[in-house]
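Presented below is the structure to which this report refers.
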Amino acid sequence: GLDKCTKEFVMFADADDYFYQNALDSVLERLKNAKFDLLLTAFRYERDNEVKIMQNNAAWLHGKVYRRSFLVKHKIHFNSYRSNEDNGFNRLVLLYKPKVAFEKTITYVYSENPKSITRRNNREYKYYSLEFLTKNYLWAINEYLNNCKECDYEAITLALLSLLLSMYYYYLDYYDVFEVDKILAWSKDALALYRKYSPQLSTAKIDNYLAIY
């Protein structure tokens with residue numbers, strides 16, 4: 001899709017989701033004289049009878065507007081993975097420090113299907129896709145390191161810390177369900193890279209990040 005489009009701004013949608021009512025009209029109005037590279041909007045997360053309004057979520061593609069020239073400039077693209085590739089894409093975008101704007105308007109509806117591939121069998125697919133969560137983070141960081149002119153090693157370190165914390169919480173979530181020892185193997189390369197760059201970060205900054213997390 002990115003290779004084929006020619007317009008200045010890009011949005012993505014999963015095949016089983018949909019845009020919220022009049023959402024695109026609101027987005028188009030915001031794009032007039034826009035000076036941002038990334039617009040984060042709100043989206044509805046529907047699960048069973050529960051509805052959450054997600055604001056400023058940086059992981060998924062849902063409800064985001066990207067300036068295409070920013071993606072082209074930094075050679076940002078999708079990789080060949082078919083799991084957690086949105087995490088890899090967005091992580092690479094954020095490493096390049098885009099100008100970010102926020103919109104409270106709901107633009108997108110993500111409806112969770114309990115019978116989908118990623119949800120059935122007690123979320124077995126989601127657990128085993130954690131291997132690709134780490135692969136996507138490492139892919140994004142390596143892409144960035146190979147192309148950045150003045151690399152932000154602090155941003156890399158915090159991205160790795162975020163990943164390792166996520167894997168820790170997944171370890172707790174799935175402790176009595178799946179082979180959680182695999183999480184340690186999947187996280188091994190990320191941990192090694194974190195140990196390489198973390199000495200450049202002050203203990204106070206790491207503590208502050210942990211407090212926010």
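Identifiers in the structure tokens: chain A, B, ... in order shown; residue index from 1 per chain; ligand index from 1 in order shown.
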**Message:** Residues of region 54-129 of chain A classed as alpha helix (DSSP H) by DSSP on the backbone are to be reported as a PyMOL selection string.
**Reply:** chain A and resi 68-73+85-95+120-128
Selected residues, C-alpha atoms, written as a compact mmCIF listing (two decimals), in the first residue's frame, please.
```txt
# COMPACT_ATOMS: atom_id res chain seq x y z
CA ARG A 68 4.08 9.98 3.79
CA SER A 69 7.06 12.22 3.02
CA PHE A 70 8.33 11.59 6.58
CA LEU A 71 8.13 7.82 5.99
CA VAL A 72 9.90 8.15 2.64
CA LYS A 73 12.62 10.42 4.01
CA GLU A 85 4.63 -5.86 12.51
CA ASP A 86 2.64 -2.78 13.54
CA ASN A 87 4.83 -2.57 16.65
CA GLY A 88 7.94 -2.71 14.49
CA PHE A 89 6.65 -0.05 12.11
CA ASN A 90 5.59 2.38 14.83
CA ARG A 91 8.73 1.83 16.86
CA LEU A 92 10.81 2.80 13.81
CA VAL A 93 8.63 5.88 13.25
CA LEU A 94 9.05 7.02 16.87
CA LEU A 95 12.82 6.53 16.87
CA ARG A 120 -8.88 -18.51 20.24
CA ASN A 121 -7.38 -21.39 22.27
CA ASN A 122 -6.89 -19.16 25.31
CA ARG A 123 -4.83 -16.70 23.23
CA GLU A 124 -2.23 -19.30 22.32
CA TYR A 125 -1.35 -17.46 19.10
CA LYS A 126 -0.81 -14.21 21.01
CA TYR A 127 1.56 -15.90 23.41
CA TYR A 128 3.71 -17.50 20.72
```
**Item:** Non-local contacts of region 196-206 of chain A (10 Å; only C-alpha atoms; under 6 positions in same chain excluded) as a list in words
**Value:** Tyr153, Glu154, Ala155, Ile156, Thr157, Leu158, Leu160, Leu161, Ala190 and Ile212 of chain A
**Two-atom distance - CA of Phe132 (chain A), CA of Val177 (chain A) (Å)** =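 One can read the CA of Phe132 (chain A) to CA of Val177 (chain A) distance as 19.0 Å.
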Quick one: everything within 12 Å of Tyr171 (chain A), counting only C-alpha atoms, minus sequence neighbours fewer than 2 positions away in the same chain. Send it as a compact mmCIF listing (two decimals) with all heavy atoms, in the first residue's frame.
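Listing of around33.txt after writing:
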```txt
# COMPACT_ATOMS: atom_id res chain seq x y z
N TYR A 127 0.38 -15.57 22.62
CA TYR A 127 1.56 -15.90 23.41
C TYR A 127 2.75 -16.21 22.52
O TYR A 127 3.85 -15.66 22.70
CB TYR A 127 1.29 -17.09 24.34
CG TYR A 127 2.56 -17.57 24.99
CD1 TYR A 127 3.15 -16.83 26.00
CD2 TYR A 127 3.22 -18.71 24.52
CE1 TYR A 127 4.35 -17.22 26.57
CE2 TYR A 127 4.42 -19.11 25.08
CZ TYR A 127 4.98 -18.36 26.10
OH TYR A 127 6.18 -18.74 26.64
N TYR A 128 2.58 -17.10 21.55
CA TYR A 128 3.71 -17.50 20.72
C TYR A 128 4.14 -16.40 19.75
O TYR A 128 5.25 -16.44 19.22
CB TYR A 128 3.39 -18.81 19.99
CG TYR A 128 3.44 -19.99 20.93
CD1 TYR A 128 2.28 -20.58 21.41
CD2 TYR A 128 4.66 -20.48 21.39
CE1 TYR A 128 2.32 -21.63 22.31
CE2 TYR A 128 4.70 -21.53 22.31
CZ TYR A 128 3.54 -22.11 22.76
OH TYR A 128 3.59 -23.14 23.66
N LEU A 130 4.76 -13.52 20.78
CA LEU A 130 5.66 -12.66 21.54
C LEU A 130 7.10 -12.78 21.02
O LEU A 130 7.89 -11.84 21.16
CB LEU A 130 5.61 -13.03 23.03
CG LEU A 130 4.30 -12.74 23.76
CD1 LEU A 130 4.38 -13.21 25.21
CD2 LEU A 130 3.95 -11.27 23.68
N LEU A 164 11.41 -5.06 27.35
CA LEU A 164 11.74 -6.01 28.41
C LEU A 164 10.70 -5.98 29.53
O LEU A 164 10.34 -7.02 30.09
CB LEU A 164 13.13 -5.71 28.96
CG LEU A 164 14.29 -5.98 27.98
CD1 LEU A 164 15.60 -5.42 28.52
CD2 LEU A 164 14.42 -7.47 27.70
N LEU A 165 10.20 -4.79 29.84
CA LEU A 165 9.13 -4.70 30.85
C LEU A 165 7.86 -5.39 30.36
O LEU A 165 7.19 -6.10 31.12
CB LEU A 165 8.84 -3.23 31.15
CG LEU A 165 9.89 -2.50 31.99
CD1 LEU A 165 9.63 -0.99 31.97
CD2 LEU A 165 9.88 -3.01 33.43
N SER A 166 7.54 -5.20 29.09
CA SER A 166 6.35 -5.85 28.51
C SER A 166 6.48 -7.37 28.60
O SER A 166 5.54 -8.07 28.99
CB SER A 166 6.16 -5.43 27.06
OG SER A 166 5.88 -4.05 26.97
N MET A 167 7.67 -7.87 28.24
CA MET A 167 7.87 -9.31 28.27
C MET A 167 7.78 -9.84 29.70
O MET A 167 7.29 -10.95 29.95
CB MET A 167 9.22 -9.66 27.65
CG MET A 167 9.31 -9.31 26.17
SD MET A 167 8.08 -10.15 25.13
CE MET A 167 8.88 -11.73 24.89
N TYR A 168 8.22 -9.06 30.67
CA TYR A 168 8.12 -9.45 32.07
C TYR A 168 6.66 -9.61 32.49
O TYR A 168 6.27 -10.59 33.13
CB TYR A 168 8.82 -8.42 32.95
CG TYR A 168 8.57 -8.60 34.43
CD1 TYR A 168 9.17 -9.64 35.14
CD2 TYR A 168 7.72 -7.74 35.12
CE1 TYR A 168 8.93 -9.81 36.49
CE2 TYR A 168 7.48 -7.90 36.47
CZ TYR A 168 8.08 -8.94 37.16
OH TYR A 168 7.83 -9.10 38.49
N TYR A 169 5.84 -8.63 32.08
CA TYR A 169 4.42 -8.70 32.44
C TYR A 169 3.71 -9.82 31.70
O TYR A 169 2.81 -10.46 32.24
CB TYR A 169 3.74 -7.36 32.20
CG TYR A 169 4.07 -6.34 33.27
CD1 TYR A 169 4.87 -5.24 33.00
CD2 TYR A 169 3.61 -6.51 34.57
CE1 TYR A 169 5.19 -4.32 33.98
CE2 TYR A 169 3.92 -5.61 35.58
CZ TYR A 169 4.71 -4.51 35.27
OH TYR A 169 5.04 -3.62 36.25
N ASP A 173 1.55 -12.90 33.17
CA ASP A 173 0.20 -13.19 32.66
C ASP A 173 0.03 -14.65 32.26
O ASP A 173 -1.03 -15.25 32.45
CB ASP A 173 -0.12 -12.30 31.46
CG ASP A 173 -0.38 -10.86 31.86
OD1 ASP A 173 -0.62 -10.62 33.05
OD2 ASP A 173 -0.34 -9.98 30.97
N TYR A 174 1.07 -15.22 31.66
CA TYR A 174 0.95 -16.56 31.08
C TYR A 174 1.68 -17.62 31.90
O TYR A 174 1.90 -18.73 31.43
CB TYR A 174 1.52 -16.54 29.66
CG TYR A 174 0.71 -15.72 28.69
CD1 TYR A 174 1.22 -14.55 28.14
CD2 TYR A 174 -0.57 -16.11 28.32
CE1 TYR A 174 0.48 -13.79 27.24
CE2 TYR A 174 -1.32 -15.36 27.43
CZ TYR A 174 -0.79 -14.20 26.90
OH TYR A 174 -1.53 -13.46 26.02
N TYR A 175 2.02 -17.26 33.13
CA TYR A 175 2.88 -18.13 33.93
C TYR A 175 2.36 -19.56 34.04
O TYR A 175 3.12 -20.52 33.96
CB TYR A 175 3.06 -17.54 35.34
CG TYR A 175 4.05 -18.29 36.17
CD1 TYR A 175 5.42 -18.06 36.02
CD2 TYR A 175 3.65 -19.26 37.10
CE1 TYR A 175 6.35 -18.76 36.77
CE2 TYR A 175 4.57 -19.96 37.86
CZ TYR A 175 5.92 -19.70 37.68
OH TYR A 175 6.83 -20.41 38.42
N ASP A 176 1.04 -19.73 34.23
CA ASP A 176 0.49 -21.06 34.43
C ASP A 176 -0.29 -21.56 33.22
O ASP A 176 -1.13 -22.46 33.34
CB ASP A 176 -0.41 -21.08 35.67
CG ASP A 176 -1.54 -20.05 35.57
OD1 ASP A 176 -1.51 -19.23 34.63
OD2 ASP A 176 -2.44 -20.08 36.42
N VAL A 177 0.01 -20.97 32.04
CA VAL A 177 -0.74 -21.35 30.84
C VAL A 177 0.16 -21.97 29.77
O VAL A 177 -0.14 -23.04 29.24
CB VAL A 177 -1.47 -20.12 30.25
CG1 VAL A 177 -2.30 -20.53 29.03
CG2 VAL A 177 -2.36 -19.46 31.30
N PHE A 178 1.28 -21.30 29.45
CA PHE A 178 2.15 -21.75 28.37
C PHE A 178 3.58 -21.93 28.86
O PHE A 178 3.88 -21.74 30.03
CB PHE A 178 2.12 -20.74 27.20
CG PHE A 178 0.76 -20.55 26.62
CD1 PHE A 178 0.13 -19.31 26.71
CD2 PHE A 178 0.10 -21.58 25.98
CE1 PHE A 178 -1.13 -19.11 26.16
CE2 PHE A 178 -1.16 -21.39 25.44
CZ PHE A 178 -1.78 -20.16 25.53
N GLU A 179 4.45 -22.30 27.93
CA GLU A 179 5.87 -22.52 28.25
C GLU A 179 6.57 -21.16 28.38
O GLU A 179 7.26 -20.71 27.46
CB GLU A 179 6.53 -23.34 27.14
CG GLU A 179 5.85 -24.68 26.87
CD GLU A 179 6.36 -25.32 25.59
OE1 GLU A 179 7.38 -26.04 25.68
OE2 GLU A 179 5.78 -25.09 24.53
N VAL A 180 6.41 -20.55 29.53
CA VAL A 180 6.87 -19.17 29.68
C VAL A 180 8.39 -19.03 29.66
O VAL A 180 8.91 -17.94 29.45
CB VAL A 180 6.31 -18.53 30.98
CG1 VAL A 180 4.83 -18.30 30.86
CG2 VAL A 180 6.61 -19.41 32.19
N ASP A 181 9.11 -20.15 29.86
CA ASP A 181 10.57 -20.06 29.78
C ASP A 181 11.03 -19.60 28.41
O ASP A 181 12.13 -19.05 28.26
CB ASP A 181 11.20 -21.41 30.11
CG ASP A 181 11.17 -21.71 31.61
OD1 ASP A 181 10.84 -20.77 32.36
OD2 ASP A 181 11.46 -22.84 32.00
N LYS A 182 10.19 -19.78 27.41
CA LYS A 182 10.55 -19.35 26.06
C LYS A 182 10.69 -17.83 25.99
O LYS A 182 11.43 -17.31 25.16
CB LYS A 182 9.51 -19.82 25.04
CG LYS A 182 9.57 -21.33 24.80
CD LYS A 182 8.65 -21.75 23.67
CE LYS A 182 8.84 -23.24 23.37
NZ LYS A 182 8.00 -23.69 22.25
N ILE A 183 9.96 -17.13 26.85
CA ILE A 183 10.07 -15.66 26.87
C ILE A 183 11.50 -15.24 27.16
O ILE A 183 12.00 -14.26 26.61
CB ILE A 183 9.09 -15.07 27.90
CG1 ILE A 183 7.65 -15.16 27.36
CG2 ILE A 183 9.45 -13.62 28.24
CD1 ILE A 183 6.60 -14.58 28.27
N LEU A 184 12.18 -16.00 28.02
CA LEU A 184 13.57 -15.68 28.34
C LEU A 184 14.45 -15.82 27.11
O LEU A 184 15.34 -14.99 26.86
CB LEU A 184 14.08 -16.59 29.46
CG LEU A 184 13.28 -16.54 30.77
CD1 LEU A 184 13.87 -17.52 31.77
CD2 LEU A 184 13.29 -15.13 31.35
N ALA A 185 14.20 -16.84 26.31
CA ALA A 185 14.98 -17.05 25.09
C ALA A 185 14.67 -15.98 24.06
O ALA A 185 15.58 -15.45 23.40
CB ALA A 185 14.70 -18.44 24.52
N TRP A 186 13.39 -15.64 23.93
CA TRP A 186 12.99 -14.64 22.95
C TRP A 186 13.55 -13.26 23.31
O TRP A 186 13.82 -12.44 22.43
CB TRP A 186 11.47 -14.57 22.86
CG TRP A 186 10.83 -15.82 22.36
CD1 TRP A 186 11.38 -16.78 21.57
CD2 TRP A 186 9.49 -16.27 22.63
NE1 TRP A 186 10.49 -17.79 21.32
CE2 TRP A 186 9.32 -17.51 21.96
CE3 TRP A 186 8.43 -15.76 23.38
CZ2 TRP A 186 8.12 -18.23 22.01
CZ3 TRP A 186 7.24 -16.48 23.42
CH2 TRP A 186 7.09 -17.69 22.75
N SER A 187 13.73 -13.00 24.59
CA SER A 187 14.18 -11.68 25.05
C SER A 187 15.71 -11.57 25.14
O SER A 187 16.23 -10.49 25.43
CB SER A 187 13.59 -11.38 26.43
OG SER A 187 12.19 -11.49 26.43
```
**Prompt:** Among region 80-144 of chain A, which ones does DSSP place in strand (DSSP E), written as a VMD selection string?
**Reply:** chain A and resid 100 to 111
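Nearest residue to Leu133 (chain A), choosing from A:Ile53, A:Ile117, A:Ala59, A:Leu2 and counting only C-alpha atoms: A:Ala59.
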**For CA of Thr134 (chain A) and CA of Cys5 (chain A), the interatomic separation in Å (one decimal)** =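 Interatomic distance, CA of Thr134 (chain A) to CA of Cys5 (chain A): 29.2 Å.
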Per-residue nearest contacts region 97-198 of chain A to region 41-49 of chain A, cut-off 12 Å, using only C-alpha atoms, as CSV:
```
residue,atom,partner,partner_atom,distance
A:Val100,CA,A:Thr41,CA,10.7
A:Ala101,CA,A:Thr41,CA,8.7
A:Phe102,CA,A:Thr41,CA,6.0
A:Glu103,CA,A:Thr41,CA,4.6
A:Lys104,CA,A:Ala42,CA,5.5
A:Thr105,CA,A:Ala42,CA,5.8
A:Ile106,CA,A:Ala42,CA,4.5
A:Thr107,CA,A:Phe43,CA,5.7
A:Tyr108,CA,A:Phe43,CA,4.7
A:Val109,CA,A:Arg44,CA,4.7
A:Tyr110,CA,A:Tyr45,CA,5.0
A:Ser111,CA,A:Glu46,CA,4.6
A:Glu112,CA,A:Arg47,CA,5.2
A:Asn113,CA,A:Arg47,CA,7.5
A:Pro114,CA,A:Asp48,CA,8.2
A:Lys115,CA,A:Asp48,CA,11.6
A:Arg119,CA,A:Arg47,CA,11.1
```
Deliver the residues from the most recent selection as a file, using C-alpha atoms, as an mmCIF file, in the first residue's frame.
```cif
data_model
loop_
_atom_site.group_PDB
_atom_site.id
_atom_site.type_symbol
_atom_site.label_atom_id
_atom_site.label_comp_id
_atom_site.auth_asym_id
_atom_site.auth_seq_id
_atom_site.Cartn_x
_atom_site.Cartn_y
_atom_site.Cartn_z
ATOM 1 C CA VAL A 100 3.378 14.546 16.876
ATOM 2 C CA ALA A 101 -0.096 16.054 17.186
ATOM 3 C CA PHE A 102 -3.083 14.752 19.136
ATOM 4 C CA GLU A 103 -6.773 14.613 18.292
ATOM 5 C CA LYS A 104 -9.398 13.581 20.850
ATOM 6 C CA THR A 105 -11.892 12.690 18.135
ATOM 7 C CA ILE A 106 -12.648 8.966 17.811
ATOM 8 C CA THR A 107 -11.717 7.902 14.292
ATOM 9 C CA TYR A 108 -11.530 4.118 14.406
ATOM 10 C CA VAL A 109 -13.269 1.061 15.862
ATOM 11 C CA TYR A 110 -11.278 -2.016 16.816
ATOM 12 C CA SER A 111 -13.632 -4.876 17.599
ATOM 13 C CA GLU A 112 -12.105 -7.934 19.229
ATOM 14 C CA ASN A 113 -13.384 -11.243 17.905
ATOM 15 C CA PRO A 114 -12.959 -14.035 20.499
ATOM 16 C CA LYS A 115 -12.887 -16.633 17.682
ATOM 17 C CA ARG A 119 -7.789 -14.859 20.379
#
```
**Asked** Between CA of Tyr137 (chain A) and CA of Ser83 (chain A), what is the spacing in Å?
**Response** 11.9 Å
